[in-house]
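*Asks:* Following this line is my_file04.txt, made up of compact mmCIF, C-alpha atoms (C1' of nucleotides):
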# COMPACT_ATOMS: atom_id res chain seq x y z
CA MET X 1 37.89 43.73 -24.75
CA ALA X 2 40.38 45.42 -27.05
CA PHE X 3 38.55 48.74 -26.96
CA LEU X 4 39.97 51.87 -28.50
CA ILE X 5 43.51 50.60 -28.32
CA GLU X 6 45.00 52.24 -31.36
CA SER X 7 47.69 49.92 -32.56
CA ASP X 8 49.86 52.49 -34.37
CA ARG X 9 51.75 50.08 -36.60
CA LEU X 10 53.75 52.91 -38.10
CA GLY X 11 54.83 54.12 -34.68
CA GLU X 12 55.87 50.66 -33.65
CA THR X 13 57.95 50.32 -36.80
CA PHE X 14 59.67 53.65 -36.21
CA ALA X 15 60.32 52.75 -32.59
CA ALA X 16 61.87 49.45 -33.64
CA LEU X 17 64.09 51.23 -36.16
CA ALA X 18 65.18 53.85 -33.64
CA ASN X 19 67.76 51.45 -32.20
CA SER X 20 71.00 51.04 -34.12
CA THR X 21 71.54 47.47 -32.94
CA ARG X 22 68.16 46.55 -34.36
CA ARG X 23 68.92 48.29 -37.65
CA ALA X 24 72.18 46.35 -37.83
CA ILE X 25 70.28 43.12 -37.25
CA LEU X 26 67.95 43.97 -40.11
CA ALA X 27 70.92 44.70 -42.35
CA ARG X 28 72.33 41.30 -41.49
CA LEU X 29 69.00 39.62 -42.20
CA ALA X 30 68.80 41.29 -45.59
CA GLN X 31 71.64 38.93 -46.57
CA GLY X 32 69.49 36.00 -45.56
CA GLU X 33 68.14 33.97 -42.66
CA ALA X 34 70.16 33.74 -39.43
CA ASN X 35 70.03 32.21 -35.96
CA VAL X 36 70.13 34.23 -32.77
CA ASN X 37 73.74 33.35 -32.01
CA ASP X 38 74.80 34.37 -35.50
CA LEU X 39 73.00 37.67 -35.09
CA ALA X 40 74.53 38.25 -31.67
CA GLU X 41 78.09 37.61 -32.79
CA PRO X 42 78.98 41.11 -34.09
CA PHE X 43 77.75 42.87 -30.96
CA ASP X 44 79.18 43.50 -27.56
CA LEU X 45 75.91 42.44 -25.98
CA THR X 46 74.67 39.40 -24.13
CA LEU X 47 72.45 36.86 -25.80
CA PRO X 48 69.37 37.84 -23.79
CA ALA X 49 69.78 41.41 -24.97
CA ILE X 50 69.83 40.29 -28.61
CA SER X 51 66.91 37.98 -27.96
CA LYS X 52 64.92 40.93 -26.70
CA HIS X 53 65.85 43.07 -29.69
CA ILE X 54 64.65 40.29 -31.94
CA LYS X 55 61.37 40.15 -30.07
CA VAL X 56 60.88 43.87 -30.66
CA LEU X 57 61.56 43.43 -34.37
CA GLU X 58 59.24 40.45 -34.48
CA HIS X 59 56.47 42.38 -32.74
CA ALA X 60 56.93 45.21 -35.23
CA GLY X 61 56.45 42.69 -38.03
CA LEU X 62 59.97 43.18 -39.34
CA VAL X 63 61.18 39.70 -38.49
CA VAL X 64 59.54 36.31 -38.85
CA ARG X 65 60.74 33.39 -36.81
CA GLY X 66 60.98 29.74 -37.68
CA GLN X 67 61.75 26.65 -35.69
CA ARG X 68 64.25 24.00 -36.69
CA ALA X 69 65.40 21.73 -33.87
CA GLN X 70 66.70 23.99 -31.10
CA TYR X 71 67.29 26.80 -33.58
CA ARG X 72 64.80 29.62 -34.10
CA PRO X 73 65.93 31.13 -37.38
CA CYS X 74 65.03 34.74 -38.15
CA THR X 75 64.05 36.06 -41.55
CA LEU X 76 63.43 39.64 -42.62
CA ASP X 77 59.92 40.74 -43.48
CA PRO X 78 60.42 44.00 -45.36
CA SER X 79 56.78 45.05 -45.68
CA PRO X 80 56.88 47.51 -42.75
CA LEU X 81 59.91 49.08 -44.42
CA GLU X 82 57.87 49.50 -47.56
CA GLU X 83 55.22 51.20 -45.43
CA ILE X 84 57.61 53.69 -43.88
CA SER X 85 59.15 54.38 -47.25
CA THR X 86 55.72 55.17 -48.63
CA TRP X 87 55.01 57.35 -45.62
CA ALA X 88 58.23 59.32 -46.07
CA GLU X 89 57.63 59.69 -49.78
CA GLN X 90 54.49 61.67 -48.92
CA TYR X 91 56.86 64.47 -48.01
CA ARG X 92 58.88 64.31 -51.19
CA PRO X 93 57.08 67.37 -52.64
CA VAL X 94 58.16 69.28 -49.54
CA TRP X 95 61.82 68.47 -49.78
CA GLU X 96 61.79 69.09 -53.49
CA ALA X 97 60.05 72.43 -52.98
CA ARG X 98 62.71 73.35 -50.45
CA PHE X 99 65.16 74.34 -53.18
CA ASP X 100 62.57 76.53 -54.87
CA ARG X 101 61.75 78.26 -51.61
CA MET X 102 65.44 78.66 -50.88
CA ASN X 103 65.73 80.46 -54.17
CA ASP X 104 62.72 82.64 -53.30
CA TYR X 105 64.33 83.41 -49.97
CA ILE X 106 67.63 84.36 -51.49
CA THR X 107 65.83 86.53 -54.03
CA GLN X 108 63.90 88.23 -51.22
CA LEU X 109 67.07 88.81 -49.24
CA SER X 110 68.93 90.46 -52.05
CA SER X 111 65.96 92.66 -53.04
CA ALA X 112 65.00 93.63 -49.45
CA PRO X 113 66.04 97.15 -48.34
CA GLU X 114 67.78 96.05 -45.08
CA ASN X 115 67.39 93.34 -42.50
CA GLY X 116 68.52 91.95 -39.16
CA ARG X 117 68.91 95.29 -37.30
CA LYS X 118 68.22 95.08 -33.60
CA ARG X 119 65.23 97.48 -33.44
CA MET D 120 84.64 65.71 -22.92
CA ALA D 121 82.28 64.50 -25.62
CA PHE D 122 84.14 61.24 -26.11
CA LEU D 123 82.85 58.42 -28.27
CA ILE D 124 79.28 59.65 -28.16
CA GLU D 125 77.97 58.41 -31.47
CA SER D 126 75.30 60.85 -32.53
CA ASP D 127 73.12 58.42 -34.52
CA ARG D 128 71.16 60.96 -36.55
CA LEU D 129 69.11 58.24 -38.19
CA GLY D 130 68.15 56.77 -34.83
CA GLU D 131 67.16 60.18 -33.54
CA THR D 132 64.97 60.73 -36.57
CA PHE D 133 63.26 57.37 -36.16
CA ALA D 134 62.76 58.01 -32.46
CA ALA D 135 61.19 61.39 -33.22
CA LEU D 136 58.86 59.78 -35.76
CA ALA D 137 57.84 57.00 -33.39
CA ASN D 138 55.32 59.30 -31.70
CA SER D 139 52.01 59.84 -33.47
CA THR D 140 51.55 63.32 -32.02
CA ARG D 141 54.86 64.34 -33.49
CA ARG D 142 53.98 62.82 -36.88
CA ALA D 143 50.72 64.79 -36.78
CA ILE D 144 52.66 67.96 -36.06
CA LEU D 145 54.87 67.29 -39.06
CA ALA D 146 51.80 66.72 -41.23
CA ARG D 147 50.44 70.06 -40.07
CA LEU D 148 53.74 71.78 -40.79
CA ALA D 149 53.80 70.33 -44.29
CA GLN D 150 50.93 72.77 -44.99
CA GLY D 151 53.13 75.61 -43.84
CA GLU D 152 54.62 77.44 -40.88
CA ALA D 153 52.73 77.45 -37.57
CA ASN D 154 53.01 78.75 -34.00
CA VAL D 155 53.05 76.53 -30.95
CA ASN D 156 49.47 77.36 -30.01
CA ASP D 157 48.26 76.57 -33.52
CA LEU D 158 50.07 73.26 -33.40
CA ALA D 159 48.66 72.47 -29.96
CA GLU D 160 45.06 73.21 -30.90
CA PRO D 161 44.08 69.82 -32.43
CA PHE D 162 45.41 67.85 -29.47
CA ASP D 163 44.10 67.07 -26.05
CA LEU D 164 47.46 67.97 -24.55
CA THR D 165 48.83 70.84 -22.53
CA LEU D 166 51.06 73.45 -24.09
CA PRO D 167 54.21 72.29 -22.29
CA ALA D 168 53.68 68.81 -23.69
CA ILE D 169 53.51 70.20 -27.23
CA SER D 170 56.48 72.41 -26.51
CA LYS D 171 58.50 69.34 -25.60
CA HIS D 172 57.40 67.46 -28.69
CA ILE D 173 58.53 70.39 -30.78
CA LYS D 174 61.87 70.41 -29.04
CA VAL D 175 62.31 66.73 -29.90
CA LEU D 176 61.49 67.43 -33.54
CA GLU D 177 63.82 70.40 -33.52
CA HIS D 178 66.65 68.34 -32.03
CA ALA D 179 66.07 65.70 -34.71
CA GLY D 180 66.45 68.42 -37.33
CA LEU D 181 62.89 68.03 -38.55
CA VAL D 182 61.73 71.43 -37.39
CA VAL D 183 63.35 74.84 -37.58
CA ARG D 184 62.22 77.62 -35.31
CA GLY D 185 61.95 81.32 -35.91
CA GLN D 186 61.23 84.29 -33.71
CA ARG D 187 58.68 86.99 -34.46
CA ALA D 188 57.65 89.08 -31.47
CA GLN D 189 56.50 86.65 -28.77
CA TYR D 190 55.81 83.97 -31.38
CA ARG D 191 58.28 81.21 -32.18
CA PRO D 192 57.03 79.90 -35.51
CA CYS D 193 57.89 76.37 -36.57
CA THR D 194 58.74 75.28 -40.08
CA LEU D 195 59.30 71.79 -41.42
CA ASP D 196 62.78 70.74 -42.49
CA PRO D 197 62.19 67.62 -44.58
CA SER D 198 65.82 66.60 -45.11
CA PRO D 199 65.82 63.94 -42.36
CA LEU D 200 62.73 62.49 -44.01
CA GLU D 201 64.64 62.28 -47.25
CA GLU D 202 67.36 60.44 -45.34
CA ILE D 203 65.05 57.84 -43.87
CA SER D 204 63.37 57.38 -47.23
CA THR D 205 66.75 56.69 -48.78
CA TRP D 206 67.58 54.32 -45.95
CA ALA D 207 64.33 52.37 -46.42
CA GLU D 208 64.79 52.27 -50.17
CA GLN D 209 67.94 50.23 -49.58
CA TYR D 210 65.60 47.38 -48.76
CA ARG D 211 63.47 47.75 -51.86
CA PRO D 212 65.16 44.80 -53.58
CA VAL D 213 64.18 42.67 -50.59
CA TRP D 214 60.51 43.54 -50.64
CA GLU D 215 60.38 43.24 -54.40
CA ALA D 216 61.98 39.80 -54.20
CA ARG D 217 59.20 38.87 -51.82
CA PHE D 218 56.61 38.84 -54.65
CA ASP D 219 58.78 36.54 -56.68
CA ARG D 220 59.02 34.21 -53.74
CA MET D 221 55.28 34.59 -53.18
CA ASN D 222 54.74 33.55 -56.77
CA ASP D 223 57.02 30.58 -56.28
CA TYR D 224 55.01 29.70 -53.22
CA ILE D 225 51.66 30.03 -54.99
CA THR D 226 52.96 27.99 -57.88
CA GLN D 227 54.06 25.34 -55.43
CA LEU D 228 50.70 25.43 -53.71
CA SER D 229 48.63 25.00 -56.84
CA SER D 230 50.80 22.21 -58.13
CA ALA D 231 50.91 20.48 -54.73
CA PRO D 232 48.58 17.49 -54.30
CA GLU D 233 46.72 18.70 -51.15
CA ASN D 234 47.19 21.20 -48.34
CA GLY D 235 45.88 22.74 -45.13
CA ARG D 236 44.98 19.52 -43.35
CA LYS D 237 45.47 19.58 -39.63
CA ARG D 238 48.18 16.96 -39.36
C1' DC S 239 68.93 9.70 -18.44
C1' DC S 240 72.54 12.98 -18.77
C1' DT S 241 75.05 16.51 -21.16
C1' DG S 242 75.71 20.12 -24.37
C1' DT S 243 73.78 23.65 -27.30
C1' DA S 244 70.26 27.26 -28.50
C1' DG S 245 67.43 30.40 -26.87
C1' DT S 246 63.94 32.57 -23.57
C1' DT S 247 62.16 34.41 -19.23
C1' DG S 248 62.36 36.90 -14.92
C1' DC S 249 64.09 40.33 -12.13
C1' DC S 250 66.77 44.31 -11.25
C1' DG S 251 68.97 49.09 -11.95
C1' DT S 252 69.47 53.12 -14.61
C1' DA S 253 67.87 56.31 -17.71
C1' DG S 254 64.69 58.63 -20.56
C1' DC S 255 59.79 59.48 -22.33
C1' DG S 256 55.42 61.58 -22.07
C1' DG S 257 52.40 63.79 -19.45
C1' DT S 258 50.85 67.08 -15.65
C1' DT S 259 50.76 71.73 -12.83
C1' DA S 260 52.91 75.87 -11.34
C1' DA S 261 56.11 79.34 -12.03
C1' DT S 262 58.83 82.01 -15.18
C1' DT S 263 60.62 84.53 -19.32
C1' DA S 264 59.85 87.45 -23.35
C1' DG S 265 57.52 90.75 -26.05
C1' DC S 266 53.57 93.70 -27.20
C1' DT S 267 50.24 97.36 -25.78
C1' DA S 268 47.80 100.51 -23.05
C1' DT I 269 54.61 101.16 -15.37
C1' DA I 270 51.01 97.22 -15.47
C1' DG I 271 48.85 93.68 -17.80
C1' DC I 272 48.04 90.50 -21.63
C1' DT I 273 49.59 86.75 -24.73
C1' DA I 274 53.03 83.28 -26.24
C1' DA I 275 55.92 80.01 -24.93
C1' DT I 276 59.40 77.79 -21.99
C1' DT I 277 61.31 76.00 -17.66
C1' DA I 278 61.12 73.47 -13.31
C1' DA I 279 59.62 69.88 -10.56
C1' DC I 280 57.41 65.85 -10.35
C1' DC I 281 55.02 61.29 -11.56
C1' DG I 282 54.30 56.77 -13.73
C1' DC I 283 55.81 53.92 -17.24
C1' DT I 284 58.76 51.83 -20.52
C1' DA I 285 63.34 50.95 -22.85
C1' DC I 286 67.71 48.81 -22.62
C1' DG I 287 71.22 46.62 -20.42
C1' DG I 288 72.98 43.03 -17.10
C1' DC I 289 72.86 38.28 -14.53
C1' DA I 290 70.74 34.03 -13.22
C1' DA I 291 67.62 30.60 -13.97
C1' DC I 292 64.93 28.18 -16.96
C1' DT I 293 63.01 25.58 -21.31
C1' DA I 294 63.70 22.87 -25.50
C1' DC I 295 65.86 19.85 -28.39
C1' DA I 296 69.66 16.48 -30.08
C1' DG I 297 72.76 12.80 -29.27
C1' DG I 298 75.37 9.47 -26.66
Transcribe the structure of this file into structure tokens.
*Replies:*
Amino acid sequence: MAFLIESDRLGETFAALANSTRRAILARLAQGEANVNDLAEPFDLTLPAISKHIKVLEHAGLVVRGQRAQYRPCTLDPSPLEEISTWAEQYRPVWEARFDRMNDYITQLSSAPENGRKR
Amino acid sequence: MAFLIESDRLGETFAALANSTRRAILARLAQGEANVNDLAEPFDLTLPAISKHIKVLEHAGLVVRGQRAQYRPCTLDPSPLEEISTWAEQYRPVWEARFDRMNDYITQLSSAPENGRKR
DNA sequence: CCTGTAGTTGCCGTAGCGGTTAATTAGCTA
DNA sequence: TAGCTAATTAACCGCTACGGCAACTACAGG
């Protein structure tokens, strides 16, 4: 009965990346696979907290989990990062145009007869 | 007494982008400046709700506000988008390596003697 | 079977988000 | 001045995020 439940993958990715601990975990995983304890080590957080962060990343598709004995190794899946990069790149024309408009603005300012008076 | 309050600009940007309404507002602003009522029009939300979304975007540095009579026009500031694009691009080597590994995997598959059996 | 190690699940408290309605501020215009 | 339009603020509600602790599951090895 999954009716009209927009999944918003992009939003989920952004939400996952909004947390600095999670971004740090991703950075660590970019070096290669790691267990939960390894990932937890740099942080002043309990293991359950890290476990939950990992679950968020997993749900966002950023982390894939394995199973070897009692270890559940994490690996980075970068495809959502590719997606958000692509999304952001949509706006590249805007931030490149910014300089042009800035120039326009400055030109306007210096050629305008007067500005900023209070009435 | 603002002691040890890490500002986490990147996190704030990601958090702002995590909401689809806010991303839609940005998309609209990419076409050019707009007032709050204009921005609210496409959504099934009250004006205060939109006003709050705008404040989030403003606080994240994604929107700059003006003042003309009773209007407070919004314009897009794309620099945080440039930042997150740069951040994501850090991982490009990872997602490009993925294809190589995929190829390895496919090569393995096609040279393997049989696969996909259920145990 | 018991013990140790790795990790997850459940529950709780605090805080913030996303939405509403109602009231308020700010500026134009008659 | 009064009244209209634009937008924000205030107060409130339900829900979720993030952290902790305690209990639990899962597997390996003696």
*Asks:* Find the residues around region 162-168 of chain D up to 12 Å (all atoms listed in the file counted), leave out those fewer than 3 positions away in its own chain, and share them as a PyMOL selection string.
*Replies:* (chain D and resi 139-141+143-144+147+154-159+171-175) or (chain S and resi 255-260) or (chain I and resi 274-278)
*Asks:* Smallest atom-to-atom distance to Phe133 (chain D): which of X:Ala69, X:Ala97, X:Ile84, X:Val63, using only C-alpha atoms?
*Replies:* X:Ile84
*Asks:* Which residues of chain D are close to chain X, meaning at most 8 Å apart when you count all atoms listed in the file, and how do they look as a ChimeraX atom specification?
*Replies:* /D:127,129-134,136-139,149,196-198,200-201,203-204,207-208,210-211,213-214
*Asks:* Could you work out how far CA of Tyr190 (chain D) lies from C1' of DA261 (chain S), giving the answer in Å with one decimal?
*Replies:*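 CA of Tyr190 (chain D) lies at a distance of 19.9 Å from C1' of DA261 (chain S).
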*Asks:* What is the C1' of DA268 (chain S) to C1' of DC272 (chain I) distance in Å?
*Replies:* 10.1 Å
*Asks:* Could you work out how far C1' of DG245 (chain S) lies from CA of Gln70 (chain X), giving the answer in Å with one decimal?
*Replies:* 7.7 Å
*Asks:* Just the residues within 10 Å of region 289-292 of chain I, please, counting all atoms listed in the file, with nothing from its chain fewer than 2 positions along; format it as a list of chain:residue names.
*Replies:*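 Counting only the stated atoms, we get X:Thr46, X:Pro48, S:DT246, S:DT247, S:DG248, S:DC249, S:DC250.
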*Asks:* Counting only C-alpha atoms (C1' of nucleotides), which residues from chain I have an atom at most 10 Å from any atom of chain X, and could you show them as JSON, numbers by chain?
*Replies:* {"I": [286, 287, 288, 289, 294, 295, 296]}
*Asks:* Using the file's own x, y and z axes, so that the box edges lie along x, y and z, what centre and edge lengths in Å (one decimal) does a box around every listed atom of region 127-138 of chain D get when 3 Å is added on each side? Give it as AutoDock Vina command-line options.
*Replies:*
--center_x 64.2 --center_y 59.1 --center_z -34.9 --size_x 23.8 --size_y 10.6 --size_z 12.5
